[in-house]
$ cat my_file_30.csv   # CSV, C-alpha atoms
chain,number,residue,atom,x,y,z
A,1,MET,CA,0.1,-13.5,-16.8
A,2,PRO,CA,-3.2,-11.8,-17.5
A,3,SER,CA,-4.2,-8.3,-16.3
A,4,PHE,CA,-7.6,-6.6,-16.5
A,5,TRP,CA,-9.9,-3.9,-15.1
A,6,ASP,CA,-12.8,-4.8,-12.9
A,7,THR,CA,-15.4,-2.8,-11.0
A,8,VAL,CA,-16.5,-3.3,-7.4
A,9,LYS,CA,-19.3,-1.6,-5.4
A,10,VAL,CA,-18.4,0.6,-2.4
A,11,SER,CA,-21.4,2.0,-0.6
A,12,GLY,CA,-23.4,1.8,-3.8
A,13,GLN,CA,-20.8,3.5,-6.0
A,14,ASP,CA,-18.6,1.9,-8.7
A,15,MET,CA,-14.9,1.7,-8.0
A,16,LYS,CA,-12.6,0.6,-10.8
A,17,MET,CA,-9.7,-1.7,-9.9
A,18,TYR,CA,-6.7,-2.8,-12.0
A,19,ALA,CA,-5.9,-6.5,-11.4
A,20,SER,CA,-3.0,-8.6,-12.4
A,21,VAL,CA,-2.9,-12.4,-11.7
A,22,PRO,CA,-0.3,-15.1,-12.0
A,23,ASP,CA,-0.5,-18.0,-14.5
A,24,GLY,CA,-2.0,-21.1,-13.0
A,25,SER,CA,-5.0,-21.8,-10.8
A,26,GLY,CA,-3.7,-21.0,-7.3
A,27,PRO,CA,-4.8,-20.4,-4.7
A,28,PHE,CA,-2.2,-17.5,-4.5
A,29,PRO,CA,-1.4,-15.0,-1.8
A,30,ALA,CA,-2.5,-11.5,-2.7
A,31,VAL,CA,-1.2,-7.9,-2.5
A,32,ILE,CA,-3.3,-4.7,-2.6
A,33,VAL,CA,-1.3,-1.9,-4.4
A,34,ILE,CA,-2.3,1.6,-3.4
A,35,HIS,CA,-1.5,4.2,-6.0
A,36,PRO,CA,0.2,7.5,-5.5
A,37,ALA,CA,-1.3,10.9,-6.2
A,38,GLY,CA,-1.0,10.3,-9.9
A,39,GLY,CA,-3.8,7.7,-9.7
A,40,VAL,CA,-3.8,4.2,-11.2
A,41,ASN,CA,-1.4,5.0,-14.0
A,42,GLU,CA,1.5,3.2,-15.5
A,43,PHE,CA,3.6,3.0,-12.3
A,44,PRO,CA,1.2,1.2,-10.0
A,45,GLN,CA,0.1,-1.0,-12.8
A,46,ARG,CA,3.7,-2.0,-13.4
A,47,ILE,CA,4.1,-2.8,-9.7
A,48,ALA,CA,1.0,-5.0,-9.8
A,49,ASP,CA,2.3,-6.8,-12.9
A,50,GLN,CA,5.6,-7.4,-11.2
A,51,LEU,CA,3.9,-8.8,-8.1
A,52,ALA,CA,1.8,-11.1,-10.3
A,53,GLY,CA,5.0,-12.3,-11.9
A,54,GLU,CA,6.2,-13.2,-8.4
A,55,GLY,CA,3.1,-15.3,-7.8
A,56,TYR,CA,0.7,-12.9,-6.1
A,57,VAL,CA,-2.8,-11.8,-7.2
A,58,ALA,CA,-2.3,-8.0,-7.2
A,59,VAL,CA,-5.1,-5.4,-7.3
A,60,CYS,CA,-4.9,-1.6,-7.4
A,61,PRO,CA,-8.2,0.1,-6.5
A,62,ASP,CA,-8.9,3.6,-7.8
A,63,LEU,CA,-9.3,5.6,-4.5
A,64,PHE,CA,-10.2,8.7,-6.5
A,65,HIS,CA,-13.5,7.2,-7.7
A,66,ARG,CA,-15.7,9.6,-5.7
A,67,ILE,CA,-13.9,12.7,-7.1
A,68,THR,CA,-15.8,14.4,-10.0
A,69,ASP,CA,-13.8,17.7,-10.3
A,70,ALA,CA,-11.6,17.2,-13.4
A,71,ASN,CA,-9.6,20.3,-12.5
A,72,MET,CA,-8.2,19.0,-9.3
A,73,THR,CA,-4.5,18.1,-9.3
A,74,GLY,CA,-3.4,14.7,-8.0
A,75,VAL,CA,-2.1,16.2,-4.8
A,76,GLU,CA,-5.4,18.0,-4.3
A,77,LYS,CA,-7.3,14.7,-4.8
A,78,ALA,CA,-5.0,12.9,-2.4
A,79,GLN,CA,-5.5,15.5,0.3
A,80,SER,CA,-9.3,15.4,-0.2
A,81,LEU,CA,-9.6,11.7,0.7
A,82,GLN,CA,-11.3,10.8,3.9
A,83,ASP,CA,-9.9,8.0,6.0
A,84,PRO,CA,-13.2,6.2,6.7
A,85,GLU,CA,-13.9,6.1,2.9
A,86,ILE,CA,-10.4,4.9,2.2
A,87,VAL,CA,-10.9,2.0,4.7
A,88,ALA,CA,-14.2,1.2,3.0
A,89,ASP,CA,-12.4,1.1,-0.4
A,90,VAL,CA,-9.6,-1.1,0.8
A,91,ASN,CA,-12.2,-3.4,2.5
A,92,ALA,CA,-13.9,-3.7,-0.9
A,93,ALA,CA,-10.7,-4.8,-2.4
A,94,VAL,CA,-10.2,-7.4,0.4
A,95,ASP,CA,-13.7,-8.7,-0.2
A,96,PHE,CA,-13.0,-9.0,-3.9
A,97,LEU,CA,-9.9,-11.0,-3.2
A,98,GLN,CA,-11.5,-13.2,-0.6
A,99,ALA,CA,-14.4,-14.0,-2.9
A,100,ASN,CA,-12.0,-15.3,-5.6
A,101,SER,CA,-11.2,-19.0,-5.5
A,102,ALA,CA,-7.7,-18.3,-6.9
A,103,VAL,CA,-6.8,-16.3,-3.8
A,104,ASN,CA,-5.7,-17.5,-0.4
A,105,GLY,CA,-7.8,-15.2,1.7
A,106,GLN,CA,-5.6,-15.7,4.7
A,107,ARG,CA,-2.6,-14.3,2.9
A,108,ILE,CA,-3.3,-10.7,1.9
A,109,GLY,CA,-0.7,-7.9,2.1
A,110,ILE,CA,-0.6,-4.3,1.1
A,111,THR,CA,1.9,-1.9,-0.4
A,112,GLY,CA,1.6,1.7,-1.5
A,113,PHE,CA,3.5,4.7,-2.6
A,114,CYS,CA,3.3,8.4,-1.4
A,115,MET,CA,-0.4,8.8,-0.4
A,116,GLY,CA,-0.5,5.0,-0.9
A,117,GLY,CA,2.1,4.6,1.8
A,118,ARG,CA,-0.1,6.4,4.3
A,119,VAL,CA,-3.0,4.3,3.2
A,120,SER,CA,-1.0,1.2,3.6
A,121,TRP,CA,-0.4,2.0,7.3
A,122,LEU,CA,-4.0,3.1,7.8
A,123,ALA,CA,-5.3,-0.1,6.2
A,124,ALA,CA,-2.9,-2.4,8.1
A,125,ALA,CA,-4.1,-0.7,11.3
A,126,SER,CA,-7.8,-0.9,10.5
A,127,ILE,CA,-8.4,-4.2,8.5
A,128,PRO,CA,-7.5,-7.4,10.3
A,129,ALA,CA,-7.4,-9.4,7.1
A,130,ILE,CA,-4.2,-7.5,6.0
A,131,THR,CA,-1.3,-9.4,7.6
A,132,ALA,CA,1.8,-7.8,6.0
A,133,SER,CA,2.3,-4.2,4.9
A,134,VAL,CA,5.0,-2.3,2.9
A,135,PRO,CA,4.6,1.5,2.9
A,136,TYR,CA,6.9,3.5,0.6
A,137,TYR,CA,7.5,7.0,1.8
A,138,GLY,CA,4.1,7.4,3.3
A,139,GLY,CA,3.6,11.0,4.6
A,140,SER,CA,1.1,12.7,6.8
A,141,ILE,CA,0.6,9.5,8.9
A,142,MET,CA,0.3,11.8,12.0
A,143,LYS,CA,-2.5,13.9,10.4
A,144,VAL,CA,-6.3,13.5,10.7
A,145,ARG,CA,-8.1,13.3,7.4
A,146,GLY,CA,-11.7,12.6,8.2
A,147,GLY,CA,-12.6,10.3,11.1
A,148,GLU,CA,-11.4,11.0,14.6
A,149,LYS,CA,-7.9,9.5,14.7
A,150,THR,CA,-4.7,9.6,12.7
A,151,PRO,CA,-3.2,6.4,11.2
A,152,PHE,CA,-0.5,6.9,13.8
A,153,ASP,CA,-3.1,6.8,16.6
A,154,LEU,CA,-4.4,3.5,15.2
A,155,ALA,CA,-1.1,1.7,15.2
A,156,SER,CA,-2.0,-0.7,17.9
A,157,GLY,CA,-4.4,-2.4,15.4
A,158,ILE,CA,-1.6,-3.4,13.0
A,159,ASN,CA,-2.1,-7.1,12.6
A,160,GLY,CA,1.2,-8.2,11.0
A,161,PRO,CA,4.8,-7.2,10.2
A,162,MET,CA,5.6,-4.0,8.4
A,163,LEU,CA,8.5,-3.0,6.1
A,164,PHE,CA,8.7,0.8,5.5
A,165,HIS,CA,11.0,2.5,2.9
A,166,PHE,CA,12.1,6.1,3.4
A,167,GLY,CA,14.0,8.5,1.2
A,168,GLU,CA,16.8,10.3,3.1
A,169,GLU,CA,16.0,13.6,1.4
A,170,ASP,CA,12.3,13.4,1.9
A,171,ALA,CA,10.5,16.1,4.0
A,172,ASP,CA,7.2,14.1,4.5
A,173,PRO,CA,7.9,11.6,5.9
A,174,SER,CA,11.1,13.1,7.2
A,175,GLN,CA,13.8,11.3,9.1
A,176,GLU,CA,12.4,12.7,12.3
A,177,ASP,CA,9.0,11.3,11.3
A,178,MET,CA,10.7,8.0,10.7
A,179,ARG,CA,12.1,7.9,14.2
A,180,THR,CA,8.7,8.8,15.7
A,181,LEU,CA,7.0,6.0,13.8
A,182,ASP,CA,9.8,3.6,14.6
A,183,ASN,CA,9.6,4.4,18.3
A,184,GLU,CA,5.8,3.9,18.4
A,185,LEU,CA,5.9,0.5,16.7
A,186,THR,CA,8.7,-0.5,19.0
A,187,ARG,CA,6.6,0.6,22.0
A,188,LEU,CA,3.7,-1.4,20.8
A,189,GLY,CA,5.8,-4.5,20.2
A,190,LYS,CA,5.0,-4.5,16.4
A,191,THR,CA,7.3,-6.4,14.2
A,192,HIS,CA,8.8,-3.9,11.7
A,193,GLN,CA,11.8,-3.0,9.6
A,194,PHE,CA,12.6,0.5,8.5
A,195,TYR,CA,15.1,1.4,5.7
A,196,THR,CA,16.4,4.8,4.6
A,197,TYR,CA,17.9,5.3,1.1
A,198,ALA,CA,20.8,7.8,0.8
A,199,GLY,CA,20.3,10.5,-1.7
A,200,ALA,CA,16.7,9.5,-2.4
A,201,ASN,CA,13.7,11.9,-2.1
A,202,HIS,CA,9.9,11.4,-2.1
A,203,ALA,CA,8.7,9.3,-5.1
A,204,PHE,CA,12.0,7.6,-5.5
A,205,ALA,CA,10.4,4.3,-6.6
A,206,ASP,CA,8.3,5.8,-9.4
A,207,HIS,CA,10.0,5.4,-12.7
A,208,THR,CA,7.7,8.0,-14.2
A,209,SER,CA,8.7,10.7,-11.7
A,210,PRO,CA,11.6,13.2,-12.0
A,211,ARG,CA,12.5,12.2,-8.5
A,212,TYR,CA,13.0,8.5,-9.4
A,213,HIS,CA,16.1,7.2,-7.8
A,214,GLN,CA,17.1,4.0,-9.6
A,215,ARG,CA,19.5,2.7,-7.1
A,216,ALA,CA,17.2,3.2,-4.2
A,217,PHE,CA,14.4,1.4,-6.0
A,218,GLU,CA,16.7,-1.5,-7.1
A,219,ILE,CA,17.7,-2.0,-3.4
A,220,SER,CA,14.2,-1.5,-1.9
A,221,TRP,CA,12.2,-3.7,-4.3
A,222,PRO,CA,14.0,-7.0,-3.7
A,223,ARG,CA,13.6,-6.3,0.0
A,224,THR,CA,9.9,-5.9,-0.6
A,225,LEU,CA,9.7,-9.1,-2.5
A,226,GLU,CA,11.7,-11.0,0.1
A,227,PHE,CA,9.4,-9.6,2.9
A,228,PHE,CA,6.2,-10.6,1.1
A,229,ALA,CA,7.7,-14.1,0.3
A,230,ALA,CA,8.5,-14.6,4.0
A,231,HIS,CA,5.2,-13.3,5.4
A,232,LEU,CA,2.6,-14.2,2.7
A,233,LYS,CA,4.1,-17.3,1.1
A,234,GLY,CA,6.0,-18.6,4.2
A,235,ALA,CA,4.7,-19.2,7.7
A,236,ALA,CA,2.6,-16.5,9.2
A,237,VAL,CA,4.4,-14.2,11.6
A,238,ALA,CA,2.5,-12.3,14.3
A,239,GLY,CA,2.9,-8.6,14.4
$ encode --input "my_file_30.csv" --output "structure tokens"
Amino acid sequence: MPSFWDTVKVSGQDMKMYASVPDGSGPFPAVIVIHPAGGVNEFPQRIADQLAGEGYVAVCPDLFHRITDANMTGVEKAQSLQDPEIVADVNAAVDFLQANSAVNGQRIGITGFCMGGRVSWLAAASIPAITASVPYYGGSIMKVRGGEKTPFDLASGINGPMLFHFGEEDADPSQEDMRTLDNELTRLGKTHQFYTYAGANHAFADHTSPRYHQRAFEISWPRTLEFFAAHLKGAAVAG
């Protein structure tokens, strides 16, 4: 199961991207992994490797590639991102996948953690090629960050089923936020499943975080794999 770093162009700029691919020739379904505020570190790389082990080409683009201030914290970097640029970055990852003969370009999903959860919703609502999405504790979905609309406002564009994981103790997204998001997807007729994990806070899936909640991750991850298997390996399901 090889893994490597590659570079793609976004609006004339270089964006690094971690990639992990299954053994064999494919074509394989693919999953874009969106990193949390810590960047493309050990945690999202491990997620990409695990997905490759399950038969997906997994790529993790570095959404911080435009940031040059080395003194910014991860949270500051995440909050500085602009949604139109994020969509351009994820589109570049989609183009990279669709140009690869080992990838089934009609079977592309996305998952992400923390800021990556928000990006997963945004990308699912903005990029028709993404047909299954799994946000983990994505906050600030109802906030504008560049552009004119929030990811929440764009929900009608979601082009496939969604599985969303929430920590019960999380403040952003809170349980009230979860109900608001759930109600909107229900109103729009979007296929979705929401799960809340008792005792879990934000970042519960990140084994490098002090808020890691092993039981919550060990329950949520098989659900994620089952969801992707159904919607990227099995028959396509309309959202």
$ residues_around --input "my_file_30.csv" --residues "segment 161-172 of chain A" --least-positions-apart "5" --cutoff "6 Å" --atoms "all atoms listed in the file" --output "JSON, numbers by chain"
{"A": [132, 133, 134, 135, 136, 137, 139, 191, 192, 193, 194, 195, 196, 197, 198, 199, 200, 201, 202, 239]}
$ residues_around --input "my_file_30.csv" --residues "Gly112 of chain A" --least-positions-apart "5" --cutoff "8 Å" --atoms "all atoms listed in the file" --output "ChimeraX atom specification"
/A:33-36,117-120,134-136,138
$ atom_distance --input "my_file_30.csv" --atom1 "atom CA of Leu181 of chain A" --atom2 "atom CA of Gly116 of chain A"
16.5 Å
$ closest_residue --input "my_file_30.csv" --among "A:Phe4, A:Phe204, A:Tyr56, A:Phe64" --to "Asn104 of chain A" --atoms "all atoms listed in the file"
A:Tyr56
$ atom_distance --input "my_file_30.csv" --atom1 "atom CA of Pro2 of chain A" --atom2 "atom CA of Gln98 of chain A"
18.9 Å
$ residues_around --input "my_file_30.csv" --residues "Pro44 of chain A" --least-positions-apart "3" --cutoff "12 Å" --atoms "only C-alpha atoms" --output "mmCIF file with C-alpha atoms, keeping the file's coordinate frame"
data_model
loop_
_atom_site.group_PDB
_atom_site.id
_atom_site.type_symbol
_atom_site.label_atom_id
_atom_site.label_comp_id
_atom_site.auth_asym_id
_atom_site.auth_seq_id
_atom_site.Cartn_x
_atom_site.Cartn_y
_atom_site.Cartn_z
ATOM 1 C CA MET A 17 -9.700 -1.700 -9.900
ATOM 2 C CA TYR A 18 -6.700 -2.800 -12.000
ATOM 3 C CA ALA A 19 -5.900 -6.500 -11.400
ATOM 4 C CA SER A 20 -3.000 -8.600 -12.400
ATOM 5 C CA ILE A 32 -3.300 -4.700 -2.600
ATOM 6 C CA VAL A 33 -1.300 -1.900 -4.400
ATOM 7 C CA ILE A 34 -2.300 1.600 -3.400
ATOM 8 C CA HIS A 35 -1.500 4.200 -6.000
ATOM 9 C CA PRO A 36 0.200 7.500 -5.500
ATOM 10 C CA ALA A 37 -1.300 10.900 -6.200
ATOM 11 C CA GLY A 38 -1.000 10.300 -9.900
ATOM 12 C CA GLY A 39 -3.800 7.700 -9.700
ATOM 13 C CA VAL A 40 -3.800 4.200 -11.200
ATOM 14 C CA ASN A 41 -1.400 5.000 -14.000
ATOM 15 C CA ILE A 47 4.100 -2.800 -9.700
ATOM 16 C CA ALA A 48 1.000 -5.000 -9.800
ATOM 17 C CA ASP A 49 2.300 -6.800 -12.900
ATOM 18 C CA GLN A 50 5.600 -7.400 -11.200
ATOM 19 C CA LEU A 51 3.900 -8.800 -8.100
ATOM 20 C CA ALA A 58 -2.300 -8.000 -7.200
ATOM 21 C CA VAL A 59 -5.100 -5.400 -7.300
ATOM 22 C CA CYS A 60 -4.900 -1.600 -7.400
ATOM 23 C CA PRO A 61 -8.200 0.100 -6.500
ATOM 24 C CA ASP A 62 -8.900 3.600 -7.800
ATOM 25 C CA THR A 111 1.900 -1.900 -0.400
ATOM 26 C CA GLY A 112 1.600 1.700 -1.500
ATOM 27 C CA PHE A 113 3.500 4.700 -2.600
ATOM 28 C CA CYS A 114 3.300 8.400 -1.400
ATOM 29 C CA GLY A 116 -0.500 5.000 -0.900
ATOM 30 C CA ALA A 205 10.400 4.300 -6.600
ATOM 31 C CA ASP A 206 8.300 5.800 -9.400
ATOM 32 C CA HIS A 207 10.000 5.400 -12.700
ATOM 33 C CA THR A 208 7.700 8.000 -14.200
#
$ atom_distance --input "my_file_30.csv" --atom1 "atom CA of Arg211 of chain A" --atom2 "atom CA of Asn183 of chain A"
28.1 Å
$ residues_around --input "my_file_30.csv" --residues "Ser80 of chain A" --least-positions-apart "5" --cutoff "12 Å" --atoms "only C-alpha atoms" --output "ChimeraX atom specification"
/A:37,63-69,72-75,85-86,115,144-146
$ closest_residue --input "my_file_30.csv" --among "A:Thr7, A:Val103, A:Asn159, A:Thr180" --to "Ala124 of chain A" --atoms "only C-alpha atoms"
A:Asn159
$ residues_near_point --input "my_file_30.csv" --point "(-9.7, -6.6, 0.1)" --cutoff "10 Å" --atoms "only C-alpha atoms" --output "VMD selection string"
chain A and resid 30 to 32 59 61 87 to 99 105 108 to 110 123 127 129 to 130
$ residues_around --input "my_file_30.csv" --residues "Pro128 of chain A" --least-positions-apart "6" --cutoff "9 Å" --atoms "all atoms listed in the file" --output "list in words"
Gly157, Ile158, Asn159 and Gly160 of chain A
$ axis_aligned_box --input "my_file_30.csv" --around "segment 160-169 of chain A" --padding-each-side "8 Å" --output "lines of an AutoDock Vina configuration file"
center_x = 9.0
center_y = 2.7
center_z = 6.1
size_x = 31.6
size_y = 37.8
size_z = 25.8
$ residues_near_point --input "my_file_30.csv" --point "(-2.7, 3.1, 16.2)" --cutoff "12 Å" --atoms "only C-alpha atoms" --output "CSV table (one decimal) with C-alpha atoms, keeping the file's coordinate frame"
chain,number,residue,atom,x,y,z
A,121,TRP,CA,-0.4,2.0,7.3
A,122,LEU,CA,-4.0,3.1,7.8
A,123,ALA,CA,-5.3,-0.1,6.2
A,124,ALA,CA,-2.9,-2.4,8.1
A,125,ALA,CA,-4.1,-0.7,11.3
A,126,SER,CA,-7.8,-0.9,10.5
A,141,ILE,CA,0.6,9.5,8.9
A,142,MET,CA,0.3,11.8,12.0
A,148,GLU,CA,-11.4,11.0,14.6
A,149,LYS,CA,-7.9,9.5,14.7
A,150,THR,CA,-4.7,9.6,12.7
A,151,PRO,CA,-3.2,6.4,11.2
A,152,PHE,CA,-0.5,6.9,13.8
A,153,ASP,CA,-3.1,6.8,16.6
A,154,LEU,CA,-4.4,3.5,15.2
A,155,ALA,CA,-1.1,1.7,15.2
A,156,SER,CA,-2.0,-0.7,17.9
A,157,GLY,CA,-4.4,-2.4,15.4
A,158,ILE,CA,-1.6,-3.4,13.0
A,159,ASN,CA,-2.1,-7.1,12.6
A,181,LEU,CA,7.0,6.0,13.8
A,184,GLU,CA,5.8,3.9,18.4
A,185,LEU,CA,5.9,0.5,16.7
A,187,ARG,CA,6.6,0.6,22.0
A,188,LEU,CA,3.7,-1.4,20.8
A,190,LYS,CA,5.0,-4.5,16.4
$ closest_residue --input "my_file_30.csv" --among "A:Met178, A:Leu232, A:Val10, A:Leu81" --to "Gly55 of chain A" --atoms "all atoms listed in the file"
A:Leu232
